[in-house]
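Q: Structure file input31.cif (mmCIF, C-alpha atoms and all ligand atoms) is given on the next line.
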data_query
loop_
_atom_site.group_PDB
_atom_site.id
_atom_site.type_symbol
_atom_site.label_atom_id
_atom_site.label_comp_id
_atom_site.auth_asym_id
_atom_site.auth_seq_id
_atom_site.Cartn_x
_atom_site.Cartn_y
_atom_site.Cartn_z
ATOM 1 C CA MET A 1 6.451 1.996 -31.830
ATOM 2 C CA SER A 2 6.618 -0.983 -29.507
ATOM 3 C CA GLY A 3 9.791 -3.036 -29.384
ATOM 4 C CA PRO A 4 10.603 -5.986 -27.140
ATOM 5 C CA PRO A 5 9.604 -5.563 -23.473
ATOM 6 C CA LEU A 6 11.968 -3.631 -21.196
ATOM 7 C CA ILE A 7 14.679 -5.585 -19.390
ATOM 8 C CA VAL A 8 16.669 -4.119 -16.480
ATOM 9 C CA THR A 9 19.305 -6.288 -14.796
ATOM 10 C CA ILE A 10 20.711 -5.954 -11.299
ATOM 11 C CA ASP A 11 23.614 -8.233 -10.420
ATOM 12 C CA GLY A 12 25.868 -8.352 -7.402
ATOM 13 C CA PRO A 13 26.962 -10.454 -4.440
ATOM 14 C CA SER A 14 24.581 -11.734 -1.789
ATOM 15 C CA GLY A 15 23.346 -9.145 0.673
ATOM 16 C CA SER A 16 24.153 -6.164 -1.536
ATOM 17 C CA GLY A 17 20.509 -5.068 -1.381
ATOM 18 C CA LYS A 18 19.535 -6.528 -4.762
ATOM 19 C CA SER A 19 16.208 -8.038 -3.718
ATOM 20 C CA THR A 20 14.727 -5.028 -1.964
ATOM 21 C CA ILE A 21 16.008 -2.627 -4.593
ATOM 22 C CA SER A 22 14.903 -4.796 -7.533
ATOM 23 C CA ARG A 23 11.422 -5.182 -6.075
ATOM 24 C CA LEU A 24 11.048 -1.429 -5.555
ATOM 25 C CA LEU A 25 12.438 -0.611 -8.975
ATOM 26 C CA ALA A 26 10.121 -3.142 -10.644
ATOM 27 C CA HIS A 27 7.180 -1.534 -8.855
ATOM 28 C CA ARG A 28 8.173 1.948 -10.058
ATOM 29 C CA LEU A 29 8.665 0.729 -13.626
ATOM 30 C CA LYS A 30 5.470 -1.375 -13.579
ATOM 31 C CA ALA A 31 7.624 -4.355 -14.456
ATOM 32 C CA THR A 32 7.753 -7.912 -13.085
ATOM 33 C CA TYR A 33 10.418 -8.645 -10.505
ATOM 34 C CA LEU A 34 12.415 -11.697 -11.575
ATOM 35 C CA ASP A 35 14.311 -13.255 -8.668
ATOM 36 C CA THR A 36 16.705 -15.674 -10.371
ATOM 37 C CA GLY A 37 18.392 -16.608 -7.072
ATOM 38 C CA ALA A 38 15.076 -18.035 -5.845
ATOM 39 C CA MET A 39 15.204 -20.494 -8.762
ATOM 40 C CA TYR A 40 18.699 -21.712 -7.847
ATOM 41 C CA ARG A 41 17.604 -21.990 -4.234
ATOM 42 C CA ALA A 42 14.580 -24.111 -5.227
ATOM 43 C CA VAL A 43 16.802 -26.451 -7.249
ATOM 44 C CA GLY A 44 19.183 -26.602 -4.247
ATOM 45 C CA LEU A 45 16.292 -27.546 -1.982
ATOM 46 C CA ALA A 46 15.063 -30.236 -4.376
ATOM 47 C CA ALA A 47 18.599 -31.673 -4.605
ATOM 48 C CA GLN A 48 19.026 -31.677 -0.849
ATOM 49 C CA ARG A 49 15.672 -33.358 -0.233
ATOM 50 C CA GLN A 50 16.581 -36.126 -2.641
ATOM 51 C CA GLY A 51 20.010 -36.480 -1.046
ATOM 52 C CA LEU A 52 21.426 -36.030 -4.532
ATOM 53 C CA ASP A 53 25.120 -36.495 -5.272
ATOM 54 C CA LEU A 54 25.858 -33.254 -7.148
ATOM 55 C CA ASP A 55 28.716 -34.922 -9.035
ATOM 56 C CA ASP A 56 26.287 -37.485 -10.472
ATOM 57 C CA GLN A 57 25.382 -35.835 -13.783
ATOM 58 C CA GLU A 58 22.639 -38.299 -14.619
ATOM 59 C CA ALA A 59 20.944 -37.797 -11.266
ATOM 60 C CA VAL A 60 21.098 -34.001 -11.684
ATOM 61 C CA ALA A 61 19.646 -34.304 -15.207
ATOM 62 C CA GLY A 62 16.844 -36.479 -13.817
ATOM 63 C CA LEU A 63 16.051 -33.926 -11.160
ATOM 64 C CA LEU A 64 15.852 -31.148 -13.755
ATOM 65 C CA GLU A 65 13.611 -33.206 -15.989
ATOM 66 C CA ALA A 66 11.086 -33.719 -13.204
ATOM 67 C CA LEU A 67 11.411 -30.130 -11.967
ATOM 68 C CA ASP A 68 8.231 -28.078 -11.934
ATOM 69 C CA LEU A 69 9.008 -24.496 -10.854
ATOM 70 C CA ASP A 70 6.485 -21.725 -10.623
ATOM 71 C CA LEU A 71 7.379 -18.205 -9.516
ATOM 72 C CA SER A 72 5.161 -15.273 -8.707
ATOM 73 C CA PRO A 73 6.184 -12.000 -7.103
ATOM 74 C CA GLY A 74 4.877 -11.970 -3.511
ATOM 75 C CA GLU A 75 4.353 -9.127 -1.031
ATOM 76 C CA GLU A 76 7.746 -9.710 0.577
ATOM 77 C CA ASP A 77 9.753 -12.509 -1.028
ATOM 78 C CA THR A 78 9.049 -14.156 -4.353
ATOM 79 C CA ARG A 79 6.471 -16.935 -3.973
ATOM 80 C CA VAL A 80 8.013 -20.152 -5.221
ATOM 81 C CA LEU A 81 6.135 -23.361 -5.925
ATOM 82 C CA LEU A 82 8.287 -26.454 -6.278
ATOM 83 C CA ASN A 83 6.302 -29.330 -7.756
ATOM 84 C CA GLY A 84 3.167 -27.635 -6.435
ATOM 85 C CA GLU A 85 4.485 -27.089 -2.880
ATOM 86 C CA ASP A 86 5.024 -23.571 -1.548
ATOM 87 C CA VAL A 87 8.721 -23.490 -0.591
ATOM 88 C CA SER A 88 9.021 -19.687 -0.395
ATOM 89 C CA LEU A 89 10.192 -19.771 3.218
ATOM 90 C CA ALA A 90 12.144 -23.042 3.127
ATOM 91 C CA ILE A 91 14.517 -21.705 0.428
ATOM 92 C CA ARG A 92 15.515 -18.618 2.448
ATOM 93 C CA THR A 93 17.803 -20.244 5.013
ATOM 94 C CA PRO A 94 21.587 -19.615 4.871
ATOM 95 C CA GLU A 95 22.008 -23.362 4.268
ATOM 96 C CA MET A 96 19.891 -23.102 1.104
ATOM 97 C CA GLY A 97 21.996 -20.129 0.016
ATOM 98 C CA MET A 98 25.054 -22.372 0.102
ATOM 99 C CA MET A 99 23.195 -25.232 -1.624
ATOM 100 C CA ALA A 100 22.036 -22.814 -4.326
ATOM 101 C CA SER A 101 25.574 -21.633 -4.811
ATOM 102 C CA ARG A 102 26.742 -25.243 -5.261
ATOM 103 C CA VAL A 103 24.039 -26.299 -7.750
ATOM 104 C CA SER A 104 24.512 -23.027 -9.640
ATOM 105 C CA ALA A 105 28.008 -24.142 -10.663
ATOM 106 C CA ILE A 106 26.524 -27.071 -12.655
ATOM 107 C CA GLY A 107 26.202 -26.406 -16.389
ATOM 108 C CA VAL A 108 22.897 -28.208 -17.025
ATOM 109 C CA VAL A 109 21.274 -26.413 -14.094
ATOM 110 C CA ARG A 110 22.354 -23.040 -15.446
ATOM 111 C CA GLN A 111 21.160 -23.892 -18.959
ATOM 112 C CA ARG A 112 17.739 -24.939 -17.748
ATOM 113 C CA LEU A 113 17.207 -21.939 -15.466
ATOM 114 C CA THR A 114 18.597 -19.466 -17.998
ATOM 115 C CA ARG A 115 16.048 -20.750 -20.521
ATOM 116 C CA LEU A 116 13.248 -20.368 -18.008
ATOM 117 C CA GLN A 117 14.358 -16.820 -17.138
ATOM 118 C CA ARG A 118 14.399 -15.796 -20.804
ATOM 119 C CA GLU A 119 10.927 -17.230 -21.326
ATOM 120 C CA LEU A 120 9.584 -15.239 -18.397
ATOM 121 C CA ALA A 121 10.946 -12.010 -19.897
ATOM 122 C CA LYS A 122 9.578 -12.618 -23.390
ATOM 123 C CA ASN A 123 6.168 -11.065 -23.008
ATOM 124 C CA GLN A 124 6.472 -8.687 -20.079
ATOM 125 C CA PRO A 125 8.872 -5.998 -18.831
ATOM 126 C CA VAL A 126 11.161 -7.337 -16.092
ATOM 127 C CA VAL A 127 13.668 -6.234 -13.500
ATOM 128 C CA ALA A 128 15.892 -9.301 -13.158
ATOM 129 C CA GLU A 129 18.310 -9.778 -10.291
ATOM 130 C CA GLY A 130 21.039 -12.364 -9.779
ATOM 131 C CA ARG A 131 24.685 -12.946 -10.594
ATOM 132 C CA ASP A 132 24.734 -13.279 -14.384
ATOM 133 C CA THR A 133 21.545 -11.564 -15.566
ATOM 134 C CA GLY A 134 23.447 -8.740 -17.290
ATOM 135 C CA THR A 135 26.344 -10.840 -18.570
ATOM 136 C CA VAL A 136 24.752 -14.123 -19.702
ATOM 137 C CA VAL A 137 20.965 -14.273 -19.390
ATOM 138 C CA PHE A 138 20.055 -10.884 -20.873
ATOM 139 C CA PRO A 139 23.115 -9.429 -22.625
ATOM 140 C CA GLN A 140 20.688 -7.278 -24.647
ATOM 141 C CA ALA A 141 19.156 -5.645 -21.531
ATOM 142 C CA ALA A 142 18.446 -1.946 -21.932
ATOM 143 C CA HIS A 143 19.876 -1.084 -18.506
ATOM 144 C CA LYS A 144 22.368 -2.954 -16.348
ATOM 145 C CA PHE A 145 23.406 -2.323 -12.766
ATOM 146 C CA TYR A 146 26.001 -3.914 -10.523
ATOM 147 C CA LEU A 147 25.407 -3.495 -6.805
ATOM 148 C CA VAL A 148 28.189 -3.822 -4.270
ATOM 149 C CA ALA A 149 28.567 -3.336 -0.499
ATOM 150 C CA THR A 150 31.249 -4.320 2.009
ATOM 151 C CA PRO A 151 31.030 -7.918 3.341
ATOM 152 C CA GLU A 152 30.551 -6.559 6.889
ATOM 153 C CA GLU A 153 27.609 -4.382 5.869
ATOM 154 C CA ARG A 154 26.071 -7.245 3.913
ATOM 155 C CA ALA A 155 26.448 -9.633 6.874
ATOM 156 C CA ARG A 156 24.824 -7.084 9.154
ATOM 157 C CA ARG A 157 21.843 -6.715 6.802
ATOM 158 C CA ARG A 158 21.468 -10.466 6.239
ATOM 159 C CA THR A 159 21.499 -11.197 9.979
ATOM 160 C CA ALA A 160 18.795 -8.556 10.538
ATOM 161 C CA GLN A 161 16.687 -9.834 7.604
ATOM 162 C CA LEU A 162 16.808 -13.404 8.907
ATOM 163 C CA ALA A 163 15.955 -12.265 12.440
ATOM 164 C CA GLU A 164 12.894 -10.496 11.023
ATOM 165 C CA LYS A 165 11.792 -13.794 9.521
ATOM 166 C CA GLY A 166 12.341 -15.532 12.838
ATOM 167 C CA ILE A 167 15.405 -17.421 11.537
ATOM 168 C CA ALA A 168 18.180 -17.377 14.172
ATOM 169 C CA ALA A 169 21.571 -16.436 12.742
ATOM 170 C CA ASP A 170 24.955 -15.477 14.137
ATOM 171 C CA TYR A 171 26.685 -12.447 12.576
ATOM 172 C CA GLN A 172 30.128 -14.089 12.429
ATOM 173 C CA ASP A 173 28.694 -17.246 10.812
ATOM 174 C CA ILE A 174 26.821 -15.158 8.248
ATOM 175 C CA LEU A 175 29.948 -13.108 7.496
ATOM 176 C CA GLY A 176 31.924 -16.320 6.947
ATOM 177 C CA GLN A 177 29.218 -17.683 4.631
ATOM 178 C CA ILE A 178 29.080 -14.442 2.652
ATOM 179 C CA VAL A 179 32.823 -14.448 2.054
ATOM 180 C CA GLU A 180 32.727 -18.135 1.065
ATOM 181 C CA ARG A 181 29.718 -17.682 -1.232
ATOM 182 C CA ASP A 182 31.388 -14.679 -2.924
ATOM 183 C CA ARG A 183 34.449 -16.813 -3.529
ATOM 184 C CA GLN A 184 32.385 -19.721 -4.928
ATOM 185 C CA ASP A 185 30.189 -17.497 -7.109
ATOM 186 C CA SER A 186 32.988 -15.406 -8.556
ATOM 187 C CA THR A 187 35.597 -18.101 -9.182
ATOM 188 C CA ARG A 188 33.389 -20.710 -10.878
ATOM 189 C CA PRO A 189 34.128 -21.196 -14.579
ATOM 190 C CA LEU A 190 30.464 -20.903 -15.669
ATOM 191 C CA ALA A 191 28.760 -17.500 -15.619
ATOM 192 C CA PRO A 192 30.809 -16.229 -12.657
ATOM 193 C CA LEU A 193 29.690 -13.233 -10.660
ATOM 194 C CA GLN A 194 31.160 -10.230 -12.462
ATOM 195 C CA PRO A 195 29.891 -6.890 -13.697
ATOM 196 C CA ALA A 196 28.833 -6.587 -17.341
ATOM 197 C CA SER A 197 31.248 -4.172 -19.007
ATOM 198 C CA GLU A 198 28.491 -1.608 -19.518
ATOM 199 C CA ALA A 199 26.903 -2.048 -16.069
ATOM 200 C CA VAL A 200 26.523 0.989 -13.820
ATOM 201 C CA ARG A 201 28.246 0.161 -10.524
ATOM 202 C CA ILE A 202 26.541 1.354 -7.344
ATOM 203 C CA ASP A 203 27.889 0.966 -3.794
ATOM 204 C CA SER A 204 24.876 0.447 -1.554
ATOM 205 C CA SER A 205 26.919 0.666 1.686
ATOM 206 C CA VAL A 206 26.982 4.429 1.415
ATOM 207 C CA LEU A 207 23.451 5.048 0.073
ATOM 208 C CA SER A 208 19.971 4.378 1.411
ATOM 209 C CA ILE A 209 17.671 1.989 -0.453
ATOM 210 C CA ASP A 210 15.602 4.915 -1.742
ATOM 211 C CA GLN A 211 18.706 6.756 -2.903
ATOM 212 C CA VAL A 212 19.810 3.703 -4.897
ATOM 213 C CA VAL A 213 16.366 3.308 -6.493
ATOM 214 C CA ASP A 214 16.273 7.039 -7.362
ATOM 215 C CA LEU A 215 19.746 6.836 -8.859
ATOM 216 C CA MET A 216 18.655 3.901 -10.997
ATOM 217 C CA LEU A 217 15.488 5.675 -12.135
ATOM 218 C CA THR A 218 17.559 8.730 -13.091
ATOM 219 C CA THR A 219 19.993 6.535 -15.018
ATOM 220 C CA ILE A 220 17.101 4.832 -16.821
ATOM 221 C CA ASN A 221 15.679 8.301 -17.447
ATOM 222 C CA HIS A 222 12.340 7.411 -15.934
ATOM 223 C CA PRO A 223 10.306 10.268 -14.433
HETATM 224 O O1 LIG A 301 20.692 -14.161 -4.714
HETATM 225 P P1 LIG A 301 20.619 -15.410 -3.868
HETATM 226 O O2 LIG A 301 21.399 -15.284 -2.584
HETATM 227 O O3 LIG A 301 19.212 -15.846 -3.621
HETATM 228 O O4 LIG A 301 21.327 -16.560 -4.758
HETATM 229 C C1 LIG A 301 21.608 -17.841 -4.249
HETATM 230 C C2 LIG A 301 22.737 -18.486 -5.042
HETATM 231 O O5 LIG A 301 22.288 -18.795 -6.354
HETATM 232 C C3 LIG A 301 23.993 -17.633 -5.228
HETATM 233 O O6 LIG A 301 24.941 -17.859 -4.219
HETATM 234 C C4 LIG A 301 24.525 -18.057 -6.579
HETATM 235 C C5 LIG A 301 23.330 -18.588 -7.306
HETATM 236 N N1 LIG A 301 22.854 -17.708 -8.383
HETATM 237 C C6 LIG A 301 23.478 -17.780 -9.596
HETATM 238 O O7 LIG A 301 24.448 -18.520 -9.745
HETATM 239 N N2 LIG A 301 23.031 -17.039 -10.645
HETATM 240 C C7 LIG A 301 21.993 -16.209 -10.495
HETATM 241 N N3 LIG A 301 21.570 -15.498 -11.556
HETATM 242 C C8 LIG A 301 21.342 -16.090 -9.245
HETATM 243 C C9 LIG A 301 21.811 -16.857 -8.187
#
Take the structure in this file and express it as structure tokens.
Ligand code: DC
A:
Amino acid sequence: MSGPPLIVTIDGPSGSGKSTISRLLAHRLKATYLDTGAMYRAVGLAAQRQGLDLDDQEAVAGLLEALDLDLSPGEEDTRVLLNGEDVSLAIRTPEMGMMASRVSAIGVVRQRLTRLQRELAKNQPVVAEGRDTGTVVFPQAAHKFYLVATPEERARRRTAQLAEKGIAADYQDILGQIVERDRQDSTRPLAPLQPASEAVRIDSSVLSIDQVVDLMLTTINHP
């Protein structure tokens, strides 16, 4: 009997290990990795390039209307095409993280991207990661996880990740941004960062990446 394709959601704050873990889990489950944060980052980049006033609802609606987003899972990060241009690297800066967080508080942006995310999961199994994938985008998901880690551990990881990409970053600045982004993402009225009531909570500060993936596979009951 074949039902709708499998959906696994992994939500949590930035730097909690979601991307690496989601990618590995998707690989093990032969599912597509759906990086919803990359979509918000791409919209943030488009808004910044146009010098858009985020309080101008008409301008934001115009931007969304003209928006052409194409995502494909890449070797490392998700490959993102914005109006045909590869912006995969440009969206990864801490500045774009903050921009993404700001545009993600706008209702029409969330509606548009939520629709796109649901479409992508219609015909293929997915592991979706973000802030609201288990609560809002895919409330029907078969398995939901909520990843946490201390802000200090997350800042340490983020600084190292950026250094690997050749992006210079200061630990204290990153820590400050993480705390601010957590506050913005979890206090906004629309789809705030919060665990779905049935989500399995995992603290990735005390486990290795492989241990987290194994724990998830055990929970999903996948051999
Ligand atoms: O996961 P990330 O750091 O790439 O996400 C960037 C921002 O996008 C994050 O601060 C909040 C927003 N976001 C969101 O509101 N909902 C999602 N499902 C994913 C990301």
Q: Output, as AutoDock Vina command-line options, the centre and edge lengths in Å (one decimal) of the axis-aligned box that contains all listed atoms of stretch 57-75 of chain A with 5 Å of margin on each side.
A:
--center_x 14.9 --center_y -23.7 --center_z -8.5 --size_x 31.0 --size_y 39.2 --size_z 25.0
Q: Quick one: residues within 9 Å of (8.5, -1.1, -15.8) (file frame), counting only C-alpha atoms, please, as a PyMOL selection string.
A: chain A and resi 5-8+25-32+124-127
Q: Please write as a count of residues only the full residue list that the PyMOL selection byres (((not hetatm)) within 9 of (chain A and resi 301)) yields on this file.
A: 48
Q: Step by step: start from the point (20.4, 1.2, -20.0) in the file's coordinates, keep every protein, DNA or RNA residue that has an atom no farther than 10 Å from it, count all atoms listed in the file, and write the set as JSON, numbers by chain.
A: {"A": [6, 7, 8, 9, 140, 141, 142, 143, 144, 145, 198, 199, 200, 216, 219, 220, 221]}
Q: For each of A:Asn83, A:Glu95, A:Asp55, A:Ser72, take the minimum atom-to-atom distance to A:Ile167, counting only C-alpha atoms, then give the residue where this is smallest.
A: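 Selected residue with least distance to A:Ile167: A:Glu95.
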Q: Using all atoms listed in the file, which of the listed residues (A:Arg183, A:Gly51, A:Ala155, A:Ser205) sits closest to A:Asp170?
A: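 Under the stated criterion, the closest residue is A:Ala155.
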Q: Restricting the calculation to only C-alpha atoms: of A:Val80, A:Lys122, A:Asp68, A:Val60, which residue gets closest to A:Gln48?
A: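 Of all the options, A:Val60 lies closest to A:Gln48.
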Q: Using all atoms listed in the file, find the one residue out of A:Glu119, A:Ser204, A:His222, A:Gln194 that sits nearest to A:Arg157.
A: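 Smallest distance to A:Arg157 is found for A:Ser204.
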Q: For A:Arg158, which residue among A:Asn123, A:Ala46, A:Thr93, A:Ala59 is the nearest when counting only C-alpha atoms?
A: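 Closest residue, counting only C-alpha atoms: A:Thr93.
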Q: Just give me the gap between atom CA of A:Gly84 and atom CA of A:Val108 in Å, one decimal is fine.
A: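 Those two atoms sit 22.4 Å apart.
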